[in-house]
file model.cif (mmCIF, C-alpha atoms)
data_query
loop_
_atom_site.label_atom_id
_atom_site.label_comp_id
_atom_site.auth_asym_id
_atom_site.auth_seq_id
_atom_site.Cartn_x
_atom_site.Cartn_y
_atom_site.Cartn_z
CA MET U 1 -0.98 -25.91 -22.57
CA LYS U 2 -2.63 -22.76 -21.20
CA LEU U 3 -0.47 -19.63 -20.94
CA SER U 4 -1.07 -19.46 -17.17
CA LYS U 5 0.40 -22.96 -16.74
CA LEU U 6 3.41 -22.06 -18.89
CA PHE U 7 3.93 -18.91 -16.82
CA ASN U 8 3.73 -20.83 -13.56
CA ARG U 9 6.20 -23.46 -14.76
CA LYS U 10 8.64 -20.82 -15.94
CA MET U 11 8.35 -18.92 -12.66
CA GLN U 12 8.90 -22.14 -10.71
CA ALA U 13 12.01 -23.03 -12.73
CA THR U 14 13.51 -19.55 -12.27
CA GLY U 15 12.59 -19.58 -8.59
CA ASN U 16 14.24 -22.96 -8.12
CA ARG U 17 17.51 -21.65 -9.58
CA VAL U 18 17.43 -18.67 -7.22
CA VAL U 19 16.63 -20.87 -4.21
CA ASP U 20 19.44 -23.26 -5.15
CA PHE U 21 21.93 -20.40 -5.52
CA TYR U 22 21.10 -18.76 -2.18
CA SER U 23 20.91 -22.08 -0.36
CA LYS U 24 24.65 -22.40 -1.03
CA TYR U 25 25.62 -18.70 -0.79
CA ASP U 26 26.61 -17.02 2.48
CA GLU U 27 24.21 -14.10 2.20
CA ASP U 28 24.40 -13.44 5.93
CA GLY U 29 28.19 -12.99 5.77
CA ARG U 30 28.18 -10.81 2.66
CA PHE U 31 27.95 -7.50 4.50
CA ALA U 32 30.61 -8.47 7.04
CA ARG U 33 33.37 -7.44 4.61
CA LYS U 34 34.24 -3.74 4.30
CA SER U 35 34.13 -3.98 0.51
CA ARG U 36 30.44 -5.01 0.80
CA MET U 37 29.32 -2.69 3.60
CA PRO U 38 28.88 0.50 1.50
CA GLU U 39 25.86 -1.04 -0.24
CA PHE U 40 24.13 -1.51 3.12
CA LEU U 41 25.26 1.78 4.68
CA ILE U 42 24.29 4.01 1.75
CA THR U 43 20.96 2.20 1.29
CA MET U 44 20.16 2.64 4.99
CA GLN U 45 21.15 6.30 4.75
CA PHE U 46 18.39 6.83 2.18
CA ILE U 47 15.82 4.63 3.93
CA GLU U 48 16.30 6.69 7.09
CA LYS U 49 15.33 9.85 5.18
CA TYR U 50 11.76 8.50 4.92
CA LEU U 51 11.23 6.79 8.27
CA PHE U 52 8.61 8.22 10.62
CA SER U 53 7.02 7.09 13.86
CA GLY U 54 4.58 4.24 13.26
CA ALA U 55 5.71 3.53 9.70
CA LYS U 56 4.87 0.02 8.49
CA ILE U 57 7.68 -1.48 6.40
CA ILE U 58 7.97 -4.52 4.17
CA GLU U 59 11.16 -5.95 2.73
CA ILE U 60 10.54 -8.16 -0.30
CA GLY U 61 13.46 -10.46 -1.03
CA ALA U 62 14.78 -9.94 2.48
CA GLY U 63 17.52 -12.56 2.27
CA THR U 64 18.67 -13.23 5.82
CA GLY U 65 17.10 -9.98 7.00
CA ARG U 66 20.00 -7.51 7.11
CA TYR U 67 17.75 -4.49 6.49
CA SER U 68 14.67 -5.94 8.19
CA PHE U 69 16.48 -6.57 11.46
CA ALA U 70 18.22 -3.18 11.35
CA LEU U 71 14.81 -1.51 11.02
CA ALA U 72 13.16 -3.75 13.62
CA GLU U 73 15.95 -2.83 16.03
CA LYS U 74 14.91 0.80 15.56
CA GLY U 75 11.41 -0.14 16.72
CA TYR U 76 9.58 -0.34 13.39
CA GLU U 77 7.03 -2.97 12.46
CA VAL U 78 8.61 -4.95 9.62
CA SER U 79 7.37 -7.73 7.37
CA ALA U 80 10.23 -9.73 5.85
CA VAL U 81 9.47 -11.79 2.74
CA ASP U 82 11.83 -14.19 0.97
CA LEU U 83 11.66 -17.03 -1.53
CA THR U 84 14.45 -19.18 -0.06
CA PRO U 85 13.48 -21.54 2.79
CA ALA U 86 17.03 -21.44 4.21
CA HIS U 87 16.75 -17.66 4.57
CA ILE U 88 13.39 -17.99 6.31
CA THR U 89 14.94 -20.41 8.80
CA GLN U 90 17.89 -18.08 9.46
CA MET U 91 15.61 -15.10 10.05
CA GLN U 92 13.38 -17.08 12.40
CA LYS U 93 16.44 -18.10 14.43
CA LYS U 94 17.69 -14.50 14.67
CA LYS U 95 14.34 -12.99 15.58
CA ASN U 96 14.01 -11.93 19.22
CA GLU U 97 10.85 -11.27 21.20
CA HIS U 98 11.46 -7.51 21.06
CA HIS U 99 11.44 -7.53 17.24
CA ASN U 100 8.04 -6.46 15.89
CA MET U 101 8.75 -8.53 12.81
CA HIS U 102 6.70 -10.91 10.67
CA ILE U 103 8.49 -13.42 8.43
CA TYR U 104 6.91 -14.95 5.31
CA GLU U 105 8.02 -17.28 2.53
CA ALA U 106 6.69 -15.86 -0.73
CA ASN U 107 7.56 -14.88 -4.29
CA ALA U 108 7.94 -11.18 -5.14
CA CYS U 109 5.66 -11.72 -8.14
CA ASP U 110 2.79 -12.93 -5.97
CA LEU U 111 2.21 -11.01 -2.74
CA SER U 112 -1.50 -11.84 -2.60
CA ARG U 113 -1.27 -12.54 1.15
CA PHE U 114 -0.92 -8.76 1.63
CA ALA U 115 -3.80 -6.34 1.17
CA ASP U 116 -3.65 -3.28 -1.07
CA ALA U 117 -2.08 -0.17 0.47
CA SER U 118 -0.75 -2.00 3.55
CA PHE U 119 2.71 -0.42 3.88
CA ASP U 120 4.28 3.03 4.11
CA ILE U 121 7.71 1.88 2.92
CA VAL U 122 8.33 -0.98 0.48
CA LEU U 123 11.83 -2.37 -0.01
CA LEU U 124 12.35 -4.41 -3.17
CA LEU U 125 16.09 -4.80 -2.72
CA GLY U 126 16.80 -8.14 -4.37
CA PRO U 127 14.08 -9.63 -6.57
CA MET U 128 14.83 -7.51 -9.66
CA TYR U 129 18.27 -9.19 -9.73
CA HIS U 130 16.57 -12.47 -10.64
CA LEU U 131 13.71 -11.64 -13.03
CA PHE U 132 14.48 -12.20 -16.70
CA THR U 133 11.42 -11.08 -18.67
CA ASP U 134 9.63 -7.75 -18.76
CA ALA U 135 6.43 -9.55 -17.76
CA ASP U 136 8.02 -10.85 -14.55
CA LYS U 137 9.70 -7.53 -13.76
CA HIS U 138 6.42 -5.65 -14.13
CA LYS U 139 4.60 -8.21 -12.00
CA ALA U 140 7.06 -7.61 -9.14
CA LEU U 141 6.89 -3.83 -9.55
CA ARG U 142 3.08 -3.86 -9.70
CA GLU U 143 2.88 -5.98 -6.56
CA ALA U 144 5.29 -3.66 -4.71
CA LEU U 145 3.20 -0.65 -5.73
CA ARG U 146 -0.11 -2.38 -4.99
CA ILE U 147 0.77 -3.04 -1.35
CA CYS U 148 2.24 0.46 -0.92
CA LYS U 149 0.02 3.26 0.37
CA ASP U 150 -0.58 6.34 -1.76
CA GLY U 151 2.27 8.67 -0.99
CA GLY U 152 4.38 5.76 0.26
CA ILE U 153 8.00 5.23 -0.73
CA VAL U 154 9.34 2.29 -2.76
CA PHE U 155 13.03 1.34 -2.95
CA VAL U 156 14.12 -0.92 -5.83
CA SER U 157 17.66 -2.28 -6.32
CA TYR U 158 19.29 -3.33 -9.59
CA CYS U 159 22.63 -4.85 -10.62
CA ASN U 160 24.52 -2.55 -13.00
CA ASN U 161 25.35 -4.09 -16.36
CA ASP U 162 28.32 -1.97 -17.34
CA THR U 163 30.18 -2.03 -14.05
CA THR U 164 29.68 -5.80 -14.01
CA MET U 165 31.39 -5.89 -17.42
CA TYR U 166 34.34 -4.08 -15.82
CA LYS U 167 34.30 -6.71 -13.09
CA TYR U 168 34.37 -9.50 -15.70
CA PHE U 169 37.39 -7.91 -17.36
CA TYR U 170 39.01 -7.45 -13.94
CA ASN U 171 38.53 -11.08 -12.87
CA GLY U 172 39.20 -12.51 -16.33
CA LYS U 173 35.74 -14.00 -16.87
CA ILE U 174 34.72 -11.81 -19.81
CA LEU U 175 35.94 -14.25 -22.48
CA GLU U 176 34.04 -17.12 -20.84
CA TYR U 177 30.80 -15.14 -20.99
CA LEU U 178 31.44 -13.98 -24.56
CA ASP U 179 32.23 -17.51 -25.74
CA LYS U 180 28.97 -18.91 -24.38
CA GLY U 181 26.91 -16.08 -25.86
CA ALA U 182 25.88 -14.52 -22.56
CA ILE U 183 26.90 -11.00 -23.68
CA LEU U 184 25.53 -9.11 -26.69
CA ASP U 185 27.61 -7.10 -29.17
CA ASP U 186 27.01 -3.87 -27.23
CA TYR U 187 28.25 -5.57 -24.04
CA HIS U 188 24.80 -5.82 -22.52
CA ALA U 189 24.35 -9.15 -20.74
CA ARG U 190 21.64 -11.34 -22.23
CA SER U 191 18.63 -12.21 -20.08
CA ILE U 192 19.51 -15.82 -19.32
CA PRO U 193 17.92 -17.39 -16.21
CA GLU U 194 20.79 -19.89 -16.03
CA GLU U 195 23.09 -17.00 -15.12
CA VAL U 196 20.89 -16.32 -12.03
CA PHE U 197 21.55 -12.53 -12.08
CA GLU U 198 19.87 -10.04 -14.42
CA LEU U 199 21.88 -6.91 -15.30
CA TYR U 200 20.51 -3.45 -16.11
CA ARG U 201 21.51 -0.12 -17.54
CA LYS U 202 19.75 2.97 -16.23
CA SER U 203 17.96 3.25 -19.58
CA ASP U 204 16.45 -0.21 -18.95
CA ILE U 205 15.19 0.94 -15.54
CA ASP U 206 13.78 4.17 -16.97
CA ALA U 207 11.91 2.16 -19.62
CA LEU U 208 10.35 -0.06 -16.94
CA MET U 209 9.28 2.86 -14.76
CA ARG U 210 7.53 4.81 -17.55
CA ASN U 211 4.56 2.54 -16.97
CA TYR U 212 3.81 3.74 -13.44
CA ASN U 213 2.33 6.79 -11.75
CA VAL U 214 5.32 7.49 -9.53
CA THR U 215 7.71 10.34 -8.83
CA ARG U 216 11.39 9.48 -8.69
CA LEU U 217 12.97 10.98 -5.58
CA HIS U 218 16.51 9.63 -5.88
CA PHE U 219 18.60 7.43 -8.15
CA VAL U 220 21.60 6.24 -6.18
CA GLY U 221 24.83 4.36 -6.81
CA VAL U 222 25.05 2.60 -3.46
CA ASP U 223 28.52 1.04 -3.64
CA MET U 224 30.31 2.50 -6.68
CA LEU U 225 33.51 0.51 -7.37
CA SER U 226 33.86 -0.85 -3.84
CA TYR U 227 33.55 -4.49 -4.92
CA LEU U 228 36.62 -4.22 -7.14
CA PHE U 229 38.85 -3.44 -4.16
CA ASP U 230 38.11 -6.77 -2.45
CA ASP U 231 40.89 -7.82 -0.02
CA SER U 232 42.80 -4.53 -0.09
CA PHE U 233 39.57 -2.72 0.79
CA ASP U 234 38.91 -5.10 3.67
CA ARG U 235 42.27 -4.11 5.17
CA MET U 236 41.32 -0.43 5.37
CA SER U 237 41.65 1.18 8.78
CA ASP U 238 38.41 2.35 10.39
CA ARG U 239 39.41 5.98 9.85
CA LEU U 240 40.12 5.43 6.16
CA PHE U 241 36.84 3.54 5.76
CA ASP U 242 34.94 6.40 7.40
CA GLU U 243 36.50 8.84 4.94
CA TYR U 244 35.59 6.52 2.07
CA MET U 245 31.96 6.48 3.18
CA LYS U 246 31.94 10.29 3.28
CA PHE U 247 33.33 10.24 -0.27
CA LEU U 248 30.57 7.85 -1.41
CA SER U 249 27.91 10.03 0.21
CA VAL U 250 29.13 12.93 -1.94
CA LEU U 251 29.22 10.88 -5.17
CA CYS U 252 26.33 8.45 -4.83
CA GLU U 253 23.56 10.62 -6.27
CA ARG U 254 25.53 12.58 -8.87
CA GLU U 255 24.32 11.81 -12.39
CA ASP U 256 27.88 11.64 -13.70
CA SER U 257 28.82 9.05 -11.06
CA THR U 258 25.93 6.63 -10.49
CA GLY U 259 26.95 4.60 -13.56
CA LEU U 260 30.11 3.58 -11.69
CA SER U 261 28.16 1.61 -9.11
CA ILE U 262 27.83 -2.17 -9.03
CA HIS U 263 24.36 -1.77 -7.47
CA MET U 264 21.85 0.97 -8.29
CA LEU U 265 18.93 2.04 -6.10
CA ASP U 266 15.79 3.64 -7.53
CA ILE U 267 13.66 5.46 -4.94
CA PHE U 268 10.22 6.77 -5.82
CA ARG U 269 6.93 7.89 -4.32
CA LYS U 270 3.65 6.22 -5.28
CA GLU U 271 1.26 8.90 -6.45
CA LYS U 272 -2.48 8.75 -5.96
CA GLU U 273 -4.37 7.39 -8.97
#

call {"tool": "encode", "arguments": {"input": "model.cif", "output": "structure tokens"}}
result
Amino acid sequence: MKLSKLFNRKMQATGNRVVDFYSKYDEDGRFARKSRMPEFLITMQFIEKYLFSGAKIIEIGAGTGRYSFALAEKGYEVSAVDLTPAHITQMQKKKNEHHNMHIYEANACDLSRFADASFDIVLLLGPMYHLFTDADKHKALREALRICKDGGIVFVSYCNNDTTMYKYFYNGKILEYLDKGAILDDYHARSIPEEVFELYRKSDIDALMRNYNVTRLHFVGVDMLSYLFDDSFDRMSDRLFDEYMKFLSVLCEREDSTGLSIHMLDIFRKEKE
């Protein structure tokens, strides 16, 4: 069998697992909880640093459109791309006539419907969670950079390996993952598509990005340990939550703190070739 056919079959199998997971997961309700909101609020804080009048934005792996709709509400032209048909349906239902928003079903590894250098800001805020080989990861990164204009800004999100290990200890699942061989001796999760989520250390991200002509602008821990608070966090008063967000804004970009975050955000500028 030709390598291209093997690649396409593997991509389809991985994509099917992701679609199946998100078809059953309440992605739209995820940010409704206070323990989940810091991820959105800190990410938006950094996106807003690079917005300008007339900016064209694409969100790849848009889910149900949390960021896309927030940006469309601000008057920006946004293209929202997702792999999951259920998400496409939800976004289409939420879209209003005043939203300058285009919705597409597509895979992050194949954005051939979009021309080179089409967007000023590219958001790749989910797909890297679900790519399990370096070949697939580089395909998604190359596509994001290809459709970005020279000088444009790319945002890429990753799930943090080590904080996830803390979470597994916290919720008691660590032994289950160890027993089935999903975690290596150095406590790095193995790249197993059946687990749906791929986990990274910053050194893994740095190794990926050495291949590209980009300038890193920020490396951000967008939620720190917020997920571990769960119900007690959700009961925070509005005043206490506001103070917590100020605290995160102070910590989120400090090199000695970003490793505490469940989700990490890499922000870089595409340089001219």

call {"tool": "closest_atom_pairs", "arguments": {"input": "model.cif", "of": "range 145-169 of chain U", "to": "range 56-62 of chain U", "cutoff": "12 Å", "atoms": "only C-alpha atoms", "output": "Markdown table"}}
result
| residue | atom | partner | partner_atom | distance |
| --- | --- | --- | --- | --- |
| U:Leu145 | CA | U:Ile58 | CA | 11.7 |
| U:Ile147 | CA | U:Ile58 | CA | 9.2 |
| U:Cys148 | CA | U:Ile58 | CA | 9.1 |
| U:Lys149 | CA | U:Lys56 | CA | 10.0 |
| U:Gly152 | CA | U:Lys56 | CA | 10.0 |
| U:Ile153 | CA | U:Ile57 | CA | 9.8 |
| U:Val154 | CA | U:Ile58 | CA | 9.8 |
| U:Phe155 | CA | U:Glu59 | CA | 9.4 |
| U:Val156 | CA | U:Ile60 | CA | 9.8 |
| U:Ser157 | CA | U:Gly61 | CA | 10.6 |

call {"tool": "resolve_selection", "arguments": {"input": "model.cif", "expression": "the PyMOL selection byres ((chain U and resi 93-98) around 10)", "output": "ChimeraX atom specification"}}
result
/U:64-65,69,72-73,75,87-92,99-103

call {"tool": "resolve_selection", "arguments": {"input": "model.cif", "expression": "the PyMOL selection byres ((chain U and resi 40) around 10)", "output": "PyMOL selection string"}}
result
chain U and resi 31+36-39+41-45+66-67+222-223

call {"tool": "residues_around", "arguments": {"input": "model.cif", "residues": "Asp242 in chain U", "least_positions_apart": "4", "cutoff": "12 Å", "atoms": "all atoms listed in the file", "output": "list in words"}}
result
Lys34, Met37, Pro38, Leu41, Met236, Ser237, Asp238, Lys246, Phe247, Leu248 and Ser249 of chain U

call {"tool": "write_last_selection", "arguments": {"input": "model.cif", "atoms": "C-alpha atoms", "output": "compact mmCIF listing (two decimals), keeping the file's coordinate frame"}}
result
# COMPACT_ATOMS: atom_id res chain seq x y z
CA LYS U 34 34.24 -3.74 4.30
CA MET U 37 29.32 -2.69 3.60
CA PRO U 38 28.88 0.50 1.50
CA LEU U 41 25.26 1.78 4.68
CA MET U 236 41.32 -0.43 5.37
CA SER U 237 41.65 1.18 8.78
CA ASP U 238 38.41 2.35 10.39
CA LYS U 246 31.94 10.29 3.28
CA PHE U 247 33.33 10.24 -0.27
CA LEU U 248 30.57 7.85 -1.41
CA SER U 249 27.91 10.03 0.21

call {"tool": "resolve_selection", "arguments": {"input": "model.cif", "expression": "the PyMOL selection byres ((chain U and resi 197) around 8)", "output": "VMD selection string"}}
result
chain U and resid 129 to 131 159 193 195 to 196 198 to 199

call {"tool": "write_last_selection", "arguments": {"input": "model.cif", "atoms": "C-alpha atoms", "output": "mmCIF file, keeping the file's coordinate frame"}}
result
data_model
loop_
_atom_site.group_PDB
_atom_site.id
_atom_site.type_symbol
_atom_site.label_atom_id
_atom_site.label_comp_id
_atom_site.auth_asym_id
_atom_site.auth_seq_id
_atom_site.Cartn_x
_atom_site.Cartn_y
_atom_site.Cartn_z
ATOM 1 C CA TYR U 129 18.270 -9.190 -9.730
ATOM 2 C CA HIS U 130 16.570 -12.470 -10.640
ATOM 3 C CA LEU U 131 13.710 -11.640 -13.030
ATOM 4 C CA CYS U 159 22.630 -4.850 -10.620
ATOM 5 C CA PRO U 193 17.920 -17.390 -16.210
ATOM 6 C CA GLU U 195 23.090 -17.000 -15.120
ATOM 7 C CA VAL U 196 20.890 -16.320 -12.030
ATOM 8 C CA GLU U 198 19.870 -10.040 -14.420
ATOM 9 C CA LEU U 199 21.880 -6.910 -15.300
#

call {"tool": "residues_near_point", "arguments": {"input": "model.cif", "point": "(7.1, -14.4, -3.0)", "cutoff": "12 Å", "atoms": "all atoms listed in the file", "output": "number ranges by chain"}}
result
U: 11-12, 15, 18-19, 59-63, 80-85, 88, 103-114, 124, 126-127, 139-140, 143-144

call {"tool": "atom_distance", "arguments": {"input": "model.cif", "atom1": "CA of Cys252 in chain U", "atom2": "CA of Met264 in chain U"}}
result
9.4 Å

call {"tool": "closest_residue", "arguments": {"input": "model.cif", "among": "U:Leu217, U:Leu240, U:Ala86, U:Ile192", "to": "Glu253 in chain U", "atoms": "all atoms listed in the file"}}
result
U:Leu217

call {"tool": "closest_residue", "arguments": {"input": "model.cif", "among": "U:Asp150, U:Glu176, U:Asp231, U:Glu77", "to": "Ala117 in chain U", "atoms": "all atoms listed in the file"}}
result
U:Asp150

call {"tool": "atom_distance", "arguments": {"input": "model.cif", "atom1": "CA of Lys167 in chain U", "atom2": "CA of Ile183 in chain U"}}
result
13.6 Å

call {"tool": "closest_residue", "arguments": {"input": "model.cif", "among": "U:Tyr200, U:Tyr170, U:Tyr177, U:Phe229", "to": "Phe132 in chain U", "atoms": "only C-alpha atoms"}}
result
U:Tyr200

call {"tool": "atom_distance", "arguments": {"input": "model.cif", "atom1": "CA of Ser79 in chain U", "atom2": "CA of Leu208 in chain U"}}
result
25.7 Å

call {"tool": "residues_around", "arguments": {"input": "model.cif", "residues": "Gly151 in chain U", "least_positions_apart": "3", "cutoff": "9 Å", "atoms": "all atoms listed in the file", "output": "list in words"}}
result
Asp120, Cys148, Arg269, Lys270, Glu271 and Lys272 of chain U

call {"tool": "closest_residue", "arguments": {"input": "model.cif", "among": "U:Asp230, U:Asp204, U:Asp256, U:Asp186", "to": "Tyr158 in chain U", "atoms": "only C-alpha atoms"}}
result
U:Asp204

call {"tool": "residues_around", "arguments": {"input": "model.cif", "residues": "Arg201 in chain U", "least_positions_apart": "5", "cutoff": "8 Å", "atoms": "all atoms listed in the file", "output": "PyMOL selection string"}}
result
chain U and resi 160-162

call {"tool": "closest_residue", "arguments": {"input": "model.cif", "among": "U:Arg146, U:Met165, U:Leu184, U:Gly259", "to": "Glu273 in chain U", "atoms": "only C-alpha atoms"}}
result
U:Arg146

call {"tool": "axis_aligned_box", "arguments": {"input": "model.cif", "around": "range 216-226 of chain U", "padding_each_side": "3 Å", "output": "lines of an AutoDock Vina configuration file"}}
result
center_x = 22.6
center_y = 5.1
center_z = -6.1
size_x = 28.5
size_y = 17.8
size_z = 11.2

call {"tool": "decode", "arguments": {"input": "model.cif", "residues": "range 110-167 of chain U", "atoms": "C-alpha atoms", "output": "CSV table (one decimal), in the first residue's frame"}}
result
chain,number,residue,atom,x,y,z
U,110,ASP,CA,-5.4,20.1,5.3
U,111,LEU,CA,-6.4,23.7,4.9
U,112,SER,CA,-6.1,23.6,1.1
U,113,ARG,CA,-9.4,25.5,0.7
U,114,PHE,CA,-7.5,28.6,2.0
U,115,ALA,CA,-5.0,30.5,-0.1
U,116,ASP,CA,-1.5,31.3,1.1
U,117,ALA,CA,-1.1,34.4,3.3
U,118,SER,CA,-4.8,34.9,3.7
U,119,PHE,CA,-5.0,35.8,7.4
U,120,ASP,CA,-3.4,38.3,9.8
U,121,ILE,CA,-4.1,36.2,12.9
U,122,VAL,CA,-4.2,32.4,13.0
U,123,LEU,CA,-5.6,30.6,16.1
U,124,LEU,CA,-4.6,27.0,16.4
U,125,LEU,CA,-6.1,26.5,19.8
U,126,GLY,CA,-7.1,22.8,19.8
U,127,PRO,CA,-5.7,20.6,17.0
U,128,MET,CA,-2.3,20.1,18.6
U,129,TYR,CA,-4.1,18.3,21.5
U,130,HIS,CA,-5.0,15.5,19.1
U,131,LEU,CA,-2.0,14.9,16.8
U,132,PHE,CA,0.2,12.0,17.8
U,133,THR,CA,3.1,12.0,15.4
U,134,ASP,CA,5.7,14.6,14.5
U,135,ALA,CA,4.6,14.3,10.9
U,136,ASP,CA,1.0,15.3,11.7
U,137,LYS,CA,2.1,18.0,14.1
U,138,HIS,CA,4.3,19.6,11.5
U,139,LYS,CA,1.6,19.4,8.9
U,140,ALA,CA,-0.8,21.4,11.1
U,141,LEU,CA,1.9,23.9,12.0
U,142,ARG,CA,2.9,24.3,8.3
U,143,GLU,CA,-0.7,24.8,7.2
U,144,ALA,CA,-1.2,27.4,10.0
U,145,LEU,CA,1.9,29.3,8.9
U,146,ARG,CA,1.1,28.9,5.2
U,147,ILE,CA,-2.2,30.7,5.4
U,148,CYS,CA,-0.7,33.4,7.7
U,149,LYS,CA,0.6,36.6,6.2
U,150,ASP,CA,4.2,37.6,6.6
U,151,GLY,CA,4.4,39.4,9.9
U,152,GLY,CA,1.1,37.8,11.0
U,153,ILE,CA,0.6,36.3,14.5
U,154,VAL,CA,0.0,32.6,15.2
U,155,PHE,CA,-1.4,31.3,18.5
U,156,VAL,CA,-0.9,27.6,19.3
U,157,SER,CA,-2.3,25.8,22.4
U,158,TYR,CA,-0.9,22.6,24.0
U,159,CYS,CA,-1.9,20.4,26.9
U,160,ASN,CA,0.8,20.3,29.6
U,161,ASN,CA,2.2,16.8,30.3
U,162,ASP,CA,3.5,17.4,33.8
U,163,THR,CA,0.5,19.3,35.3
U,164,THR,CA,-1.7,16.6,33.8
U,165,MET,CA,0.3,14.0,35.8
U,166,TYR,CA,-0.5,16.0,38.9
U,167,LYS,CA,-4.1,15.9,37.9
